[in-house]
$ cat model_6.txt   # compact mmCIF, C-alpha atoms and all ligand atoms
# COMPACT_ATOMS: atom_id res chain seq x y z
CA MET P 1 1.47 -12.52 -77.65
CA ALA P 2 5.02 -13.74 -78.23
CA PRO P 3 7.07 -11.61 -80.64
CA ASP P 4 7.77 -12.86 -84.16
CA VAL P 5 11.36 -14.10 -84.22
CA PHE P 6 11.71 -12.86 -87.81
CA ALA P 7 10.29 -9.36 -87.29
CA PRO P 8 12.37 -6.27 -86.37
CA ALA P 9 13.25 -5.75 -82.71
CA ARG P 10 15.02 -3.24 -80.50
CA LEU P 11 18.30 -4.10 -78.86
CA GLY P 12 18.98 -1.08 -76.64
CA PRO P 13 19.37 1.86 -79.00
CA VAL P 14 19.63 -0.36 -82.09
CA THR P 15 16.86 -1.71 -84.32
CA VAL P 16 17.70 -5.17 -85.64
CA ARG P 17 15.79 -6.62 -88.61
CA ASN P 18 15.00 -9.84 -86.75
CA ARG P 19 15.78 -11.61 -83.50
CA THR P 20 18.40 -14.05 -84.79
CA VAL P 21 22.05 -13.58 -83.88
CA LYS P 22 25.17 -15.22 -85.28
CA ALA P 23 27.03 -16.07 -82.06
CA ALA P 24 30.75 -15.42 -81.80
CA THR P 25 32.83 -18.17 -83.40
CA PHE P 26 36.47 -17.09 -83.69
CA GLU P 27 37.02 -16.86 -87.44
CA GLY P 28 40.72 -17.69 -87.82
CA ARG P 29 40.97 -15.32 -90.78
CA THR P 30 43.24 -12.63 -89.37
CA PRO P 31 46.79 -14.02 -89.72
CA ASP P 32 48.35 -10.58 -89.25
CA GLY P 33 45.81 -9.36 -86.70
CA GLU P 34 44.09 -7.26 -89.40
CA VAL P 35 40.67 -7.41 -91.02
CA THR P 36 40.98 -9.42 -94.25
CA ASP P 37 38.66 -9.90 -97.23
CA GLU P 38 38.18 -13.48 -95.99
CA LEU P 39 36.94 -12.20 -92.64
CA ILE P 40 34.49 -9.87 -94.40
CA ASP P 41 33.25 -12.68 -96.66
CA TYR P 42 32.72 -14.95 -93.64
CA HIS P 43 30.40 -12.41 -92.01
CA LEU P 44 28.80 -11.41 -95.31
CA ALA P 45 27.72 -15.03 -95.80
CA VAL P 46 25.56 -15.05 -92.64
CA ALA P 47 24.47 -11.43 -93.08
CA GLU P 48 23.29 -12.13 -96.65
CA GLY P 49 21.84 -15.35 -95.26
CA GLY P 50 19.36 -13.40 -93.16
CA VAL P 51 20.60 -13.03 -89.56
CA GLY P 52 19.69 -9.85 -87.75
CA LEU P 53 23.08 -9.46 -86.08
CA THR P 54 26.47 -11.04 -86.74
CA THR P 55 29.18 -11.11 -84.09
CA VAL P 56 32.87 -10.63 -84.86
CA ALA P 57 34.97 -12.81 -82.56
CA TYR P 58 36.80 -11.81 -80.94
CA LEU P 59 38.30 -8.39 -80.67
CA ALA P 60 41.01 -8.20 -78.03
CA VAL P 61 41.38 -5.09 -75.91
CA THR P 62 45.13 -5.58 -75.33
CA ALA P 63 47.96 -7.65 -76.82
CA GLU P 64 48.12 -10.06 -73.86
CA GLY P 65 44.32 -10.39 -74.08
CA ARG P 66 44.47 -12.28 -77.40
CA THR P 67 44.11 -16.04 -77.19
CA HIS P 68 47.05 -16.17 -79.59
CA ARG P 69 48.95 -13.79 -81.82
CA GLU P 70 46.73 -14.04 -84.92
CA GLN P 71 43.94 -12.02 -83.38
CA ILE P 72 42.84 -8.46 -83.84
CA VAL P 73 43.76 -5.99 -81.11
CA VAL P 74 41.40 -3.05 -81.52
CA GLY P 75 43.19 0.27 -81.98
CA THR P 76 44.14 2.93 -84.48
CA ASP P 77 46.01 0.35 -86.59
CA THR P 78 42.96 -1.86 -87.02
CA GLU P 79 40.17 0.75 -87.09
CA LYS P 80 40.13 1.24 -90.87
CA GLY P 81 39.70 -2.48 -91.54
CA LEU P 82 36.98 -2.75 -88.89
CA ALA P 83 35.12 0.16 -90.54
CA ARG P 84 35.35 -1.61 -93.90
CA LEU P 85 33.90 -4.75 -92.29
CA ALA P 86 31.04 -2.83 -90.62
CA GLU P 87 30.18 -1.04 -93.86
CA ALA P 88 30.04 -4.31 -95.78
CA ILE P 89 27.69 -5.87 -93.22
CA HIS P 90 25.44 -2.82 -93.14
CA GLY P 91 25.11 -3.13 -96.92
CA THR P 92 23.11 -6.33 -96.34
CA GLY P 93 20.69 -4.82 -93.83
CA ALA P 94 22.18 -6.77 -90.92
CA LYS P 95 23.78 -5.22 -87.85
CA ILE P 96 27.26 -5.97 -86.55
CA ALA P 97 28.46 -6.77 -83.03
CA GLY P 98 32.04 -6.95 -81.84
CA GLN P 99 32.80 -9.44 -79.12
CA VAL P 100 35.10 -7.39 -76.95
CA GLY P 101 37.30 -9.44 -74.74
CA HIS P 102 40.42 -10.15 -72.76
CA ALA P 103 41.26 -13.85 -72.81
CA GLY P 104 42.91 -13.83 -69.36
CA PRO P 105 44.13 -17.38 -68.62
CA VAL P 106 42.80 -18.64 -71.98
CA ALA P 107 45.51 -16.57 -73.72
CA ASN P 108 48.57 -18.37 -75.03
CA GLY P 109 51.34 -16.21 -73.58
CA ARG P 110 54.02 -17.94 -75.61
CA SER P 111 52.24 -17.21 -78.90
CA ASN P 112 51.48 -13.64 -77.86
CA GLY P 113 55.04 -13.01 -76.66
CA VAL P 114 53.67 -11.56 -73.44
CA HIS P 115 52.58 -13.38 -70.29
CA ALA P 116 48.90 -14.17 -69.87
CA LEU P 117 47.05 -12.64 -66.93
CA SER P 118 44.38 -14.07 -64.69
CA ALA P 119 42.74 -13.35 -61.36
CA SER P 120 45.39 -15.49 -59.65
CA ARG P 121 48.68 -17.08 -60.63
CA MET P 122 48.30 -20.48 -62.30
CA PRO P 123 50.09 -22.75 -64.75
CA SER P 124 48.84 -22.57 -68.34
CA PRO P 125 48.16 -25.86 -70.11
CA LEU P 126 48.20 -23.93 -73.39
CA SER P 127 51.61 -22.29 -73.20
CA MET P 128 53.31 -24.37 -70.49
CA GLN P 129 54.11 -21.03 -68.82
CA MET P 130 52.86 -19.46 -65.62
CA VAL P 131 49.90 -17.13 -66.00
CA HIS P 132 50.52 -14.04 -63.87
CA ALA P 133 48.04 -12.59 -61.39
CA ALA P 134 46.75 -9.24 -62.69
CA THR P 135 47.75 -6.34 -60.45
CA GLU P 136 45.34 -3.50 -59.65
CA GLN P 137 47.40 -1.42 -62.09
CA ASP P 138 46.74 -4.06 -64.77
CA LEU P 139 43.02 -3.86 -64.06
CA ILE P 140 43.05 -0.07 -64.42
CA ARG P 141 44.94 -0.41 -67.71
CA ILE P 142 42.64 -3.18 -69.00
CA THR P 143 39.46 -1.30 -68.07
CA ALA P 144 40.82 1.73 -69.94
CA ALA P 145 41.55 -0.57 -72.87
CA TYR P 146 37.91 -1.76 -72.90
CA VAL P 147 36.90 1.89 -73.04
CA SER P 148 39.22 2.79 -75.90
CA THR P 149 38.18 -0.38 -77.76
CA ALA P 150 34.53 0.59 -77.37
CA ARG P 151 35.28 4.10 -78.64
CA THR P 152 37.12 2.74 -81.68
CA LEU P 153 34.40 0.22 -82.52
CA VAL P 154 31.68 2.86 -82.33
CA ARG P 155 33.76 5.10 -84.62
CA ALA P 156 34.17 2.13 -86.97
CA GLY P 157 30.37 1.78 -87.16
CA PHE P 158 29.74 -1.24 -84.92
CA ASP P 159 26.18 -1.39 -83.60
CA VAL P 160 26.64 -3.71 -80.63
CA LEU P 161 29.52 -4.31 -78.21
CA GLU P 162 29.36 -7.76 -76.60
CA LEU P 163 31.51 -7.90 -73.46
CA HIS P 164 32.97 -11.38 -72.97
CA MET P 165 32.26 -12.40 -69.38
CA ALA P 166 32.18 -16.19 -69.85
CA HIS P 167 34.33 -19.25 -70.71
CA SER P 168 37.12 -18.52 -68.13
CA TYR P 169 38.29 -15.45 -70.05
CA LEU P 170 39.66 -12.67 -67.81
CA ILE P 171 36.41 -11.34 -66.35
CA SER P 172 35.08 -14.89 -65.92
CA SER P 173 38.31 -15.96 -64.18
CA PHE P 174 37.61 -13.28 -61.56
CA LEU P 175 34.07 -14.57 -61.03
CA ALA P 176 35.18 -18.19 -60.46
CA PRO P 177 36.21 -18.89 -56.84
CA GLY P 178 38.50 -21.73 -57.94
CA LEU P 179 40.48 -19.41 -60.24
CA ASN P 180 40.29 -16.30 -58.03
CA ARG P 181 42.20 -16.61 -54.75
CA ARG P 182 42.82 -12.87 -54.40
CA LYS P 183 42.91 -11.19 -51.03
CA ASP P 184 42.23 -7.68 -52.40
CA ARG P 185 38.89 -6.05 -53.25
CA TYR P 186 38.66 -8.10 -56.49
CA GLY P 187 38.54 -11.46 -54.66
CA GLY P 188 36.63 -13.20 -51.88
CA SER P 189 32.90 -12.44 -51.71
CA LEU P 190 30.76 -12.65 -54.85
CA PRO P 191 30.30 -8.86 -55.11
CA ASP P 192 34.09 -8.50 -54.92
CA ARG P 193 34.67 -11.20 -57.57
CA ALA P 194 32.07 -9.42 -59.73
CA ARG P 195 33.79 -6.05 -59.30
CA LEU P 196 35.76 -6.28 -62.55
CA ALA P 197 32.70 -7.29 -64.61
CA ARG P 198 30.67 -4.40 -63.20
CA GLN P 199 33.51 -1.91 -63.52
CA VAL P 200 34.04 -2.78 -67.20
CA ALA P 201 30.31 -2.67 -68.02
CA ARG P 202 29.98 0.73 -66.36
CA ALA P 203 33.09 2.17 -68.01
CA VAL P 204 32.06 0.99 -71.49
CA ARG P 205 28.51 2.31 -71.11
CA GLU P 206 29.76 5.66 -69.85
CA GLU P 207 31.97 5.88 -72.94
CA VAL P 208 29.44 4.91 -75.60
CA GLY P 209 26.16 6.23 -74.14
CA ASP P 210 23.48 5.29 -76.62
CA ALA P 211 25.78 5.26 -79.66
CA ALA P 212 25.79 1.44 -79.49
CA ALA P 213 24.07 -1.39 -77.66
CA VAL P 214 26.20 -2.98 -74.94
CA THR P 215 25.59 -6.65 -74.12
CA ALA P 216 27.50 -9.33 -72.23
CA LYS P 217 28.05 -13.02 -72.81
CA VAL P 218 27.69 -14.69 -69.43
CA SER P 219 27.74 -18.20 -68.05
CA VAL P 220 24.68 -20.12 -66.84
CA SER P 221 27.25 -22.39 -65.15
CA ASP P 222 30.99 -22.77 -65.72
CA GLY P 223 30.66 -26.55 -65.58
CA PHE P 224 33.69 -27.28 -63.40
CA ARG P 225 34.36 -27.53 -59.67
CA GLY P 226 35.52 -24.07 -58.62
CA GLY P 227 33.70 -22.39 -61.48
CA VAL P 228 30.68 -20.12 -61.21
CA THR P 229 27.54 -22.07 -60.36
CA THR P 230 24.09 -21.26 -61.67
CA ASP P 231 23.08 -19.79 -58.30
CA GLU P 232 26.12 -17.53 -58.23
CA SER P 233 25.66 -16.48 -61.83
CA LEU P 234 22.04 -15.60 -61.12
CA ASP P 235 23.30 -13.25 -58.41
CA VAL P 236 26.02 -11.76 -60.64
CA THR P 237 23.59 -11.13 -63.49
CA ALA P 238 21.12 -9.56 -61.04
CA MET P 239 23.92 -7.17 -60.01
CA LEU P 240 24.59 -6.37 -63.68
CA GLU P 241 20.88 -5.78 -64.23
CA ASP P 242 20.63 -3.49 -61.20
CA ASP P 243 23.64 -1.50 -62.41
CA GLY P 244 21.66 -0.82 -65.58
CA HIS P 245 24.56 -0.56 -68.02
CA LEU P 246 23.74 -3.50 -70.30
CA ASP P 247 21.07 -3.85 -72.97
CA ALA P 248 20.98 -7.69 -73.00
CA LEU P 249 22.74 -10.82 -71.80
CA GLN P 250 23.67 -13.78 -73.97
CA LEU P 251 23.47 -16.97 -71.91
CA SER P 252 26.37 -19.34 -72.48
CA GLY P 253 28.23 -21.72 -70.17
CA GLY P 254 31.35 -23.86 -69.77
CA SER P 255 35.01 -22.99 -69.77
CA SER P 256 37.50 -22.89 -72.64
CA LEU P 257 40.15 -23.68 -70.03
CA MET P 258 38.60 -26.27 -67.71
CA ASN P 259 35.65 -27.84 -69.54
CA PRO P 260 35.18 -26.78 -73.17
CA MET P 261 32.70 -29.53 -74.10
CA TYR P 262 30.20 -28.11 -71.62
CA LEU P 263 29.88 -25.23 -74.09
CA PHE P 264 29.21 -27.35 -77.13
CA ARG P 265 27.72 -30.79 -76.38
CA GLY P 266 27.72 -33.51 -79.00
CA GLU P 267 30.65 -35.48 -80.34
CA THR P 268 34.10 -34.84 -78.93
CA PRO P 269 36.66 -34.53 -81.73
CA THR P 270 39.69 -35.45 -79.56
CA GLU P 271 41.90 -36.60 -82.44
CA GLU P 272 41.14 -33.60 -84.66
CA PHE P 273 41.68 -31.28 -81.71
CA ALA P 274 44.98 -32.89 -80.73
CA ALA P 275 46.17 -32.71 -84.35
CA ALA P 276 45.57 -28.94 -84.43
CA MET P 277 47.59 -28.32 -81.25
CA PRO P 278 51.30 -27.67 -80.71
CA LEU P 279 53.29 -30.84 -79.91
CA PRO P 280 53.43 -30.60 -76.07
CA VAL P 281 49.68 -29.96 -75.84
CA ARG P 282 49.04 -32.72 -78.39
CA LEU P 283 50.93 -35.25 -76.29
CA GLY P 284 49.22 -34.02 -73.12
CA MET P 285 45.79 -34.46 -74.67
CA ARG P 286 46.43 -38.14 -75.29
CA THR P 287 47.10 -38.80 -71.58
CA PRO P 288 44.23 -39.76 -69.23
CA VAL P 289 44.28 -36.23 -67.77
CA GLY P 290 44.06 -34.75 -71.27
CA LYS P 291 41.19 -37.05 -72.17
CA ARG P 292 39.31 -35.94 -69.06
CA PHE P 293 39.69 -32.36 -70.33
CA LEU P 294 37.47 -33.12 -73.34
CA LYS P 295 34.44 -34.64 -71.61
CA GLN P 296 31.45 -36.05 -73.43
CA TYR P 297 28.04 -34.37 -73.11
CA GLU P 298 25.07 -35.60 -75.04
CA PHE P 299 23.68 -33.02 -77.44
CA HIS P 300 20.07 -32.03 -77.27
CA GLU P 301 18.28 -29.10 -78.85
CA ALA P 302 18.54 -25.88 -76.77
CA TYR P 303 20.66 -27.60 -74.12
CA PHE P 304 20.97 -24.52 -71.87
CA LEU P 305 17.22 -23.91 -71.82
CA ASP P 306 16.51 -25.31 -68.33
CA LYS P 307 19.17 -23.16 -66.75
CA ALA P 308 18.36 -20.17 -68.97
CA LEU P 309 14.75 -20.28 -67.75
CA ARG P 310 15.97 -19.60 -64.22
CA PHE P 311 17.62 -16.43 -65.53
CA ARG P 312 14.39 -15.53 -67.36
CA GLU P 313 12.46 -15.88 -64.09
CA ARG P 314 14.92 -13.85 -62.06
CA LEU P 315 15.76 -11.03 -64.48
CA SER P 316 13.64 -8.57 -66.41
CA MET P 317 16.29 -7.40 -68.89
CA PRO P 318 16.44 -8.77 -72.47
CA LEU P 319 18.04 -12.21 -72.79
CA MET P 320 19.49 -14.12 -75.74
CA LEU P 321 19.08 -17.88 -75.66
CA LEU P 322 22.12 -19.78 -76.98
CA GLY P 323 23.33 -23.36 -77.17
CA GLY P 324 22.15 -25.99 -79.62
CA ILE P 325 19.46 -24.01 -81.42
CA ASN P 326 18.67 -25.43 -84.86
CA ARG P 327 14.93 -25.45 -85.35
CA ARG P 328 12.34 -22.85 -86.15
CA GLU P 329 10.13 -24.39 -83.47
CA THR P 330 12.87 -23.89 -80.84
CA MET P 331 13.21 -20.25 -81.86
CA GLU P 332 9.49 -19.63 -81.67
CA ASN P 333 9.27 -21.44 -78.35
CA ALA P 334 12.11 -19.28 -77.00
CA MET P 335 9.99 -16.21 -77.78
CA VAL P 336 6.97 -17.74 -76.05
CA LEU P 337 9.15 -18.40 -72.99
CA GLY P 338 10.18 -14.76 -72.84
CA PHE P 339 13.60 -14.73 -74.48
CA ASP P 340 14.22 -11.76 -76.74
CA PHE P 341 16.80 -13.14 -79.18
CA VAL P 342 18.15 -16.51 -80.28
CA ALA P 343 21.87 -16.90 -80.99
CA MET P 344 23.44 -19.65 -83.07
CA GLY P 345 27.00 -20.69 -83.76
CA ARG P 346 27.37 -24.09 -85.41
CA ALA P 347 24.01 -24.14 -87.18
CA LEU P 348 25.12 -21.08 -89.14
CA LEU P 349 28.62 -22.39 -89.80
CA ARG P 350 26.90 -25.35 -91.42
CA GLU P 351 24.30 -23.25 -93.25
CA PRO P 352 25.00 -19.51 -93.41
CA THR P 353 21.67 -19.04 -95.22
CA LEU P 354 19.60 -20.90 -92.62
CA VAL P 355 17.65 -17.84 -91.45
CA ASN P 356 16.50 -16.99 -94.98
CA GLU P 357 15.54 -20.62 -95.53
CA LEU P 358 13.43 -20.58 -92.37
CA ILE P 359 11.84 -17.26 -93.28
CA ALA P 360 10.96 -18.52 -96.76
CA GLY P 361 9.55 -21.72 -95.27
CA ARG P 362 11.86 -23.88 -97.39
CA GLN P 363 13.28 -25.47 -94.23
CA ALA P 364 12.02 -25.87 -90.69
CA ASP P 365 15.27 -27.23 -89.23
CA GLY P 366 18.98 -26.70 -89.65
CA ILE P 367 21.11 -29.66 -90.67
CA CYS P 368 24.18 -29.27 -88.42
CA ILE P 369 25.02 -32.66 -86.86
CA HIS P 370 27.10 -31.29 -83.93
CA CYS P 371 30.13 -33.39 -84.77
CA ASN P 372 32.15 -30.43 -83.46
CA ARG P 373 34.80 -30.92 -86.10
CA CYS P 374 34.47 -27.16 -86.73
CA MET P 375 36.11 -26.55 -83.33
CA PRO P 376 39.70 -27.43 -84.22
CA THR P 377 39.42 -25.48 -87.49
CA ILE P 378 39.73 -22.24 -85.51
CA TYR P 379 43.48 -22.68 -86.05
CA SER P 380 43.23 -22.90 -89.84
CA GLY P 381 40.17 -20.85 -90.86
CA THR P 382 36.97 -21.68 -88.98
CA ARG P 383 34.60 -23.67 -91.14
CA CYS P 384 32.18 -26.57 -91.25
CA VAL P 385 34.15 -29.67 -92.15
CA VAL P 386 30.98 -31.56 -93.16
CA LEU P 387 30.30 -28.79 -95.68
CA ASP P 388 33.90 -29.14 -96.94
CA ASP P 389 33.40 -32.91 -97.28
CA SER P 390 30.09 -32.58 -99.13
CA SER P 391 31.35 -29.91 -101.51
CA ALA P 392 34.30 -32.17 -102.35
CA LEU P 393 31.95 -34.95 -103.54
C1 LIG V 401 34.33 -23.04 -84.02
C2 LIG V 401 33.81 -22.30 -82.85
C3 LIG V 401 34.46 -21.15 -82.37
C4 LIG V 401 33.96 -20.44 -81.29
N1 LIG V 401 34.56 -19.27 -80.88
C5 LIG V 401 34.01 -18.54 -79.89
C6 LIG V 401 34.53 -17.27 -79.54
O1 LIG V 401 35.49 -16.77 -80.14
N2 LIG V 401 33.94 -16.60 -78.52
C7 LIG V 401 32.87 -17.12 -77.86
O2 LIG V 401 32.37 -16.49 -76.93
N3 LIG V 401 32.34 -18.30 -78.17
C8 LIG V 401 32.86 -19.01 -79.18
N4 LIG V 401 32.28 -20.19 -79.55
C9 LIG V 401 31.07 -20.65 -78.82
C10 LIG V 401 29.79 -20.23 -79.55
O3 LIG V 401 29.61 -18.83 -79.52
C11 LIG V 401 28.56 -20.87 -78.91
O4 LIG V 401 28.53 -20.46 -77.57
C12 LIG V 401 28.57 -22.40 -78.97
O5 LIG V 401 29.00 -22.84 -80.25
C13 LIG V 401 27.18 -22.97 -78.68
O6 LIG V 401 26.24 -22.50 -79.60
P1 LIG V 401 25.74 -23.41 -80.86
O7 LIG V 401 25.15 -24.66 -80.30
O8 LIG V 401 24.71 -22.55 -81.54
O9 LIG V 401 26.92 -23.69 -81.71
C14 LIG V 401 32.78 -20.91 -80.63
C15 LIG V 401 32.13 -22.05 -81.12
C16 LIG V 401 32.63 -22.75 -82.21
C17 LIG V 401 31.89 -23.96 -82.71

$ encode --input "model_6.txt" --output "structure tokens" --more "lines below"
Ligand SMILES: Cc1cc2nc3c(=O)[nH]c(=O)nc-3n(C[C@H](O)[C@H](O)[C@H](O)COP(=O)(O)O)c2cc1C
Amino acid sequence: MAPDVFAPARLGPVTVRNRTVKAATFEGRTPDGEVTDELIDYHLAVAEGGVGLTTVAYLAVTAEGRTHREQIVVGTDTEKGLARLAEAIHGTGAKIAGQVGHAGPVANGRSNGVHALSASRMPSPLSMQMVHAATEQDLIRITAAYVSTARTLVRAGFDVLELHMAHSYLISSFLAPGLNRRKDRYGGSLPDRARLARQVARAVREEVGDAAAVTAKVSVSDGFRGGVTTDESLDVTAMLEDDGHLDALQLSGGSSLMNPMYLFRGETPTEEFAAAMPLPVRLGMRTPVGKRFLKQYEFHEAYFLDKALRFRERLSMPLMLLGGINRRETMENAMVLGFDFVAMGRALLREPTLVNELIAGRQADGICIHCNRCMPTIYSGTRCVVLDDSSAL
């Protein structure tokens, strides 16, 4: 029999009160790179609203690994705030995950004041600077930074560490043949391109043991020519499964750098996005090339399901279905199809209490309309703009 999506479940060494997860949506509430009361309130809203696990997004392992300078770099300076955040979430009965990442070529080097790094040298459309190719020394340093981040987060009381391996962030840039032209042991064949992902997963697991669950957000397809295809990602995730260091995979897709709309589907808020960008990027987005960057993909419920099912067939480890989940029926069907958790981003931005509403039977569906106008708000405090509009009535 399929598990009850609203009953407690194990995620590695952690027991979660139900199988719903608030997916990482960068909060935009850390102007000084520190935990704020606003950040705590943002996560309290979904935790009090019933989710099993909320994900803090994202927690950079190094300064050049932030997407821009207003992000938390995990370390001794930020540990106290992170512990305060974890304690507040635990007070609701929910568990807390930290999305642990290095933005690689998605980092804005100009904002960070330090050059972005990727698998190979490339121009950055975000900073109008060159992104440098990471040296082997950089990779040693960054792997060590993942380890110290994991140690700090466990000390701060985090239950789950979600390693960001998708969306063209650093690890994902190594996986993608079009972004990785390296001639060393981190480039070329798929096992070599997957070396960094596997090295980081192993190092983090060796550090935390069973003091926390370790998961990864991976791509079912990068959605651009030169990105990781579904076939390749099936092979990479099979390698990660064989290595045995991860407790679950969250199945995402797309690229924040090359094809962001593949991640989201639904309306493309080009004007709102352009308005939130610095002037050169804003002008660039209004050109034909810029318009091609924000493609249009029709939204449909659980839009990654077809691809995710191929991962379910190939892998035996726990999987989290993500992408366009709004309905109780979709969640229950995901359980029937063998997924272990369901993760939601926008549905919970729209209605932080959705899970409690579903549990109480007061609603069967969420009411998010996938206008995607929440996306550009990451620069000014991530929120549902429809909710803003309706509360202003
Ligand atoms: C405003 C916003 C911010 C996001 N920030 C992140 C992020 O920091 N890290 C990440 O991995 N995904 C991020 N995402 C992607 C979501 O985690 C999720 O993959 C995507 O929204 C699809 O799920 P949904 O249909 O349930 O919203 C973000 C999404 C939105 C809407």

$ residues_near_ligand --input "model_6.txt" --ligand "ligand LIG 401 (chain V)" --cutoff "7 Å" --atoms "only C-alpha atoms and all ligand atoms" --output "list in words"
Ala23, Ala24, Thr25, Phe26, Ala57, Tyr58, His164, Lys217, Ser252, Leu263, Phe264, Leu322, Gly323, Gly324, Ile325, Ala343, Met344, Gly345, Arg346, Ala347, Asn372, Cys374, Met375, Pro376, Thr377, Ile378 and Thr382 of chain P

$ write_last_selection --input "model_6.txt" --atoms "C-alpha atoms" --output "compact mmCIF listing (two decimals), in the coordinates of the input"
# COMPACT_ATOMS: atom_id res chain seq x y z
CA ALA P 23 27.03 -16.07 -82.06
CA ALA P 24 30.75 -15.42 -81.80
CA THR P 25 32.83 -18.17 -83.40
CA PHE P 26 36.47 -17.09 -83.69
CA ALA P 57 34.97 -12.81 -82.56
CA TYR P 58 36.80 -11.81 -80.94
CA HIS P 164 32.97 -11.38 -72.97
CA LYS P 217 28.05 -13.02 -72.81
CA SER P 252 26.37 -19.34 -72.48
CA LEU P 263 29.88 -25.23 -74.09
CA PHE P 264 29.21 -27.35 -77.13
CA LEU P 322 22.12 -19.78 -76.98
CA GLY P 323 23.33 -23.36 -77.17
CA GLY P 324 22.15 -25.99 -79.62
CA ILE P 325 19.46 -24.01 -81.42
CA ALA P 343 21.87 -16.90 -80.99
CA MET P 344 23.44 -19.65 -83.07
CA GLY P 345 27.00 -20.69 -83.76
CA ARG P 346 27.37 -24.09 -85.41
CA ALA P 347 24.01 -24.14 -87.18
CA ASN P 372 32.15 -30.43 -83.46
CA CYS P 374 34.47 -27.16 -86.73
CA MET P 375 36.11 -26.55 -83.33
CA PRO P 376 39.70 -27.43 -84.22
CA THR P 377 39.42 -25.48 -87.49
CA ILE P 378 39.73 -22.24 -85.51
CA THR P 382 36.97 -21.68 -88.98

$ closest_residue --input "model_6.txt" --among "P:Asp184, P:Glu79, P:Asp41, P:Asp247" --to "P:Asp340" --atoms "only C-alpha atoms"
P:Asp247

$ residues_around --input "model_6.txt" --residues "P:Asn108" --least-positions-apart "3" --cutoff "6 Å" --atoms "only C-alpha atoms" --output "PyMOL selection string"
chain P and resi 67-68+111+126-127

$ closest_residue --input "model_6.txt" --among "P:Glu207, P:Glu87, P:Glu162, P:Glu267" --to "P:Ala145" --atoms "only C-alpha atoms"
P:Glu207

$ closest_residue --input "model_6.txt" --among "P:His115, P:Arg373, P:Arg312, P:Arg121" --to "P:Pro269" --atoms "all atoms listed in the file"
P:Arg373

$ residues_around --input "model_6.txt" --residues "P:Gly49" --least-positions-apart "4" --cutoff "10 Å" --atoms "all atoms listed in the file" --output "list in words"
His43, Leu44, Ala45, Thr92, Ala94, Leu348, Glu351, Pro352, Thr353, Leu354, Val355, Asn356 and Glu357 of chain P

$ residues_around --input "model_6.txt" --residues "stretch 11-22 of chain P" --least-positions-apart "3" --cutoff "6 Å" --atoms "all atoms listed in the file" --output "PyMOL selection string"
chain P and resi 5-8+51-55+210+213+247+341-345

$ atom_distance --input "model_6.txt" --atom1 "atom CA of P:Phe158" --atom2 "atom CA of P:Ala212"
7.2 Å

$ decode --input "model_6.txt" --residues "stretch 170-183 of chain P" --atoms "C-alpha atoms" --output "PDB file, in the first residue's frame"
ATOM      1  CA  LEU P 170      29.075  24.887  -9.529  1.00  0.00           C
ATOM      2  CA  ILE P 171      28.594  21.113  -9.284  1.00  0.00           C
ATOM      3  CA  SER P 172      26.027  21.200 -12.087  1.00  0.00           C
ATOM      4  CA  SER P 173      28.397  23.241 -14.289  1.00  0.00           C
ATOM      5  CA  PHE P 174      30.895  20.378 -14.004  1.00  0.00           C
ATOM      6  CA  LEU P 175      28.262  17.836 -15.055  1.00  0.00           C
ATOM      7  CA  ALA P 176      27.238  19.774 -18.192  1.00  0.00           C
ATOM      8  CA  PRO P 177      29.483  19.018 -21.208  1.00  0.00           C
ATOM      9  CA  GLY P 178      28.712  22.422 -22.741  1.00  0.00           C
ATOM     10  CA  LEU P 179      29.981  24.245 -19.634  1.00  0.00           C
ATOM     11  CA  ASN P 180      32.809  21.823 -18.793  1.00  0.00           C
ATOM     12  CA  ARG P 181      35.622  21.785 -21.363  1.00  0.00           C
ATOM     13  CA  ARG P 182      38.290  20.689 -18.878  1.00  0.00           C
ATOM     14  CA  LYS P 183      41.135  18.434 -19.888  1.00  0.00           C
TER      15      LYS P 183
END
